[in-house]
Amino acid sequence: MRLFDCTSVDERDRAIEAAISAVRSGDLVVMPTDTVYGIGADAFKSWSVEALLRAKGRGRDMAPPVLVGSRRTLDGLVLSLPSTARDLVAAFWPGALTVVVEHAPTLDWDLGDTDGTVAVRMPLHPVALEVLSETGPMAVSSANKSGQPPASTATDAREQLGYGVSVYLEAGPSADIVPSTIVDCTGDVPILLRAGALSLERIREVVPSTRGPEEKG
């Protein structure tokens with residue numbers, strides 16, 4: 001278990017290289033995002049995703065979202081991206097928006113019980129983006145034990161997750177500990193699943209037909 005200080009110019013490059021190496025080896029890492037710190041694993045290594053769920057104390061019924069390093073990566077994860085999802089991504093990525101879409105059935109991954117869908121986000125944080133640009137899609141969840149407060153620093157995350165994580169990337173306190181907004185784009189009409197950093201009103205500025213949670217039925 002190693003904790004690196006990404007605020008140090010001398011250590012930052014070594015830190016990112018260590019995180020990339022750990023992910024490629026199937027180990028878990030903790031890294032900053034533009035919301036809370038996340039615990040991440042290679043999305044295409046099923047045993048790594050299982051280790052992530054164990055570290056958090058979650059079951060397969062709570063599949064982790066996937067973080068990507070570019071908008072183009074999303075196109076490679078789906079057969080066809082709905083126009084509503086494409087519009088939302090164009091407006092809010094990178095940023096605090098997670099879109100739920102149907103993933104391509106040919107993808108060789110196992111994120112848990114997802115029923116053919118995946119929640120995807122591109123974070124607005126330079127450290128996360130540098131890691132993701134080299135590792136490809138990562139399964140990432142908030143860096144805390146299930147039921148505990150989300151971590152706003154890598155040090156906070158280490159206190160909860162300990163030796164279950166190989167590399168911790170410390171980049172200072174999170175600027176915003178409000179989680180991302182989640183919008184389900186798998187149906188004809190988008191549905192807000194979680195109101196987070198982006199309000200329903202802001203989502204509707206881009207896709208006016210988006211329903212609130214109380215309007216699902």
# chains A, B, ... in the order shown; residues from 1 in each chain; ligands from 1
$ residues_around --residues "Asp188 (chain A)" --least-positions-apart "5" --cutoff "12 Å" --atoms "only C-alpha atoms" --output "PyMOL selection string"
chain A and resi 82-85+101+207+209-211+216
$ closest_atom_pairs --of "region 54-86 of chain A" --to "region 39-47 of chain A" --cutoff "10 Å" --atoms "only C-alpha atoms" --output "Markdown table"
| residue | atom | partner | partner_atom | distance |
| --- | --- | --- | --- | --- |
| A:Ala55 | CA | A:Ile39 | CA | 9.0 |
| A:Lys56 | CA | A:Ile39 | CA | 8.8 |
| A:Pro64 | CA | A:Gly40 | CA | 9.1 |
| A:Pro65 | CA | A:Ala43 | CA | 9.3 |
| A:Val66 | CA | A:Ala43 | CA | 7.1 |
| A:Leu67 | CA | A:Gly40 | CA | 8.8 |
$ residues_around --residues "Gly59 (chain A)" --least-positions-apart "6" --cutoff "12 Å" --atoms "only C-alpha atoms" --output "mmCIF file with C-alpha atoms, in the first residue's frame"
data_model
loop_
_atom_site.group_PDB
_atom_site.id
_atom_site.type_symbol
_atom_site.label_atom_id
_atom_site.label_comp_id
_atom_site.auth_asym_id
_atom_site.auth_seq_id
_atom_site.Cartn_x
_atom_site.Cartn_y
_atom_site.Cartn_z
ATOM 1 C CA VAL A 49 -14.219 -5.525 -9.900
ATOM 2 C CA GLU A 50 -15.052 -8.249 -7.351
ATOM 3 C CA ALA A 51 -12.219 -6.984 -5.143
ATOM 4 C CA LEU A 52 -13.624 -3.463 -5.407
ATOM 5 C CA LEU A 53 -17.050 -4.637 -4.274
ATOM 6 C CA LEU A 111 -19.517 -5.367 -13.413
ATOM 7 C CA GLY A 112 -22.203 -7.190 -11.455
ATOM 8 C CA ASP A 113 -25.952 -7.455 -11.918
ATOM 9 C CA THR A 114 -26.455 -4.646 -14.426
ATOM 10 C CA SER A 146 -20.699 1.097 2.189
#
$ residues_around --residues "Ile177 (chain A)" --least-positions-apart "3" --cutoff "7 Å" --atoms "only C-alpha atoms" --output "NGL selection string"
:A and (35-36 or 152 or 174)
$ closest_residue --among "A:Thr117, A:Ser180, A:Thr153, A:Ser21" --to "Glu134 (chain A)" --atoms "only C-alpha atoms"
A:Ser21
$ closest_residue --among "A:Asp184, A:Gly26, A:Met31, A:Glu17" --to "Gly172 (chain A)" --atoms "only C-alpha atoms"
A:Met31
$ residues_around --residues "Asp75 (chain A)" --least-positions-apart "5" --cutoff "10 Å" --atoms "only C-alpha atoms" --output "CSV table (one decimal) with N, CA and C atoms, in the first residue's frame"
chain,number,residue,atom,x,y,z
A,70,SER,N,-12.3,10.0,-22.1
A,70,SER,CA,-12.7,10.8,-23.2
A,70,SER,C,-14.1,10.5,-23.6
A,80,SER,N,-25.4,1.7,-29.8
A,80,SER,CA,-26.0,2.9,-30.3
A,80,SER,C,-26.2,3.9,-29.2
A,81,LEU,N,-25.7,5.1,-29.2
A,81,LEU,CA,-25.9,6.0,-28.1
A,81,LEU,C,-27.1,6.9,-28.4
A,86,ARG,N,-26.3,11.7,-25.9
A,86,ARG,CA,-25.2,12.4,-26.6
A,86,ARG,C,-25.3,13.9,-26.3
A,103,HIS,N,-25.1,-1.1,-22.6
A,103,HIS,CA,-23.8,-1.4,-23.1
A,103,HIS,C,-23.8,-2.5,-24.2
A,104,ALA,N,-22.8,-2.5,-25.0
A,104,ALA,CA,-22.7,-3.4,-26.1
A,104,ALA,C,-22.6,-4.9,-25.5
$ decode --residues "region 75-88 of chain A" --atoms "N, CA and C atoms" --output "PDB file, in the first residue's frame"
ATOM      1  N   ASP A  75     -18.574   5.825 -26.991  1.00  0.00           N
ATOM      2  CA  ASP A  75     -19.091   5.224 -28.226  1.00  0.00           C
ATOM      3  C   ASP A  75     -18.648   3.773 -28.362  1.00  0.00           C
ATOM      4  N   GLY A  76     -17.486   3.441 -27.811  1.00  0.00           N
ATOM      5  CA  GLY A  76     -16.998   2.073 -27.885  1.00  0.00           C
ATOM      6  C   GLY A  76     -17.648   1.133 -26.898  1.00  0.00           C
ATOM      7  N   LEU A  77     -18.435   1.681 -25.975  1.00  0.00           N
ATOM      8  CA  LEU A  77     -19.078   0.845 -24.953  1.00  0.00           C
ATOM      9  C   LEU A  77     -20.528   0.528 -25.271  1.00  0.00           C
ATOM     10  N   VAL A  78     -21.085   1.160 -26.295  1.00  0.00           N
ATOM     11  CA  VAL A  78     -22.500   0.983 -26.631  1.00  0.00           C
ATOM     12  C   VAL A  78     -22.649   0.587 -28.092  1.00  0.00           C
ATOM     13  N   LEU A  79     -23.786  -0.047 -28.409  1.00  0.00           N
ATOM     14  CA  LEU A  79     -24.095  -0.306 -29.816  1.00  0.00           C
ATOM     15  C   LEU A  79     -24.571   0.963 -30.492  1.00  0.00           C
ATOM     16  N   SER A  80     -25.430   1.685 -29.797  1.00  0.00           N
ATOM     17  CA  SER A  80     -25.966   2.936 -30.327  1.00  0.00           C
ATOM     18  C   SER A  80     -26.246   3.868 -29.159  1.00  0.00           C
ATOM     19  N   LEU A  81     -25.679   5.068 -29.215  1.00  0.00           N
ATOM     20  CA  LEU A  81     -25.866   6.030 -28.134  1.00  0.00           C
ATOM     21  C   LEU A  81     -27.101   6.883 -28.420  1.00  0.00           C
ATOM     22  N   PRO A  82     -28.096   6.866 -27.521  1.00  0.00           N
ATOM     23  CA  PRO A  82     -29.298   7.675 -27.739  1.00  0.00           C
ATOM     24  C   PRO A  82     -28.951   9.150 -27.899  1.00  0.00           C
ATOM     25  N   SER A  83     -29.731   9.848 -28.692  1.00  0.00           N
ATOM     26  CA  SER A  83     -29.454  11.268 -28.937  1.00  0.00           C
ATOM     27  C   SER A  83     -29.536  12.078 -27.651  1.00  0.00           C
ATOM     28  N   THR A  84     -30.424  11.673 -26.737  1.00  0.00           N
ATOM     29  CA  THR A  84     -30.543  12.400 -25.470  1.00  0.00           C
ATOM     30  C   THR A  84     -29.254  12.276 -24.660  1.00  0.00           C
ATOM     31  N   ALA A  85     -28.694  11.066 -24.612  1.00  0.00           N
ATOM     32  CA  ALA A  85     -27.431  10.870 -23.895  1.00  0.00           C
ATOM     33  C   ALA A  85     -26.318  11.656 -24.565  1.00  0.00           C
ATOM     34  N   ARG A  86     -26.295  11.653 -25.878  1.00  0.00           N
ATOM     35  CA  ARG A  86     -25.244  12.371 -26.604  1.00  0.00           C
ATOM     36  C   ARG A  86     -25.327  13.876 -26.316  1.00  0.00           C
ATOM     37  N   ASP A  87     -26.529  14.409 -26.266  1.00  0.00           N
ATOM     38  CA  ASP A  87     -26.701  15.833 -25.984  1.00  0.00           C
ATOM     39  C   ASP A  87     -26.251  16.179 -24.568  1.00  0.00           C
ATOM     40  N   LEU A  88     -26.590  15.314 -23.612  1.00  0.00           N
ATOM     41  CA  LEU A  88     -26.200  15.568 -22.222  1.00  0.00           C
ATOM     42  C   LEU A  88     -24.690  15.478 -22.049  1.00  0.00           C
TER      43      LEU A  88
END
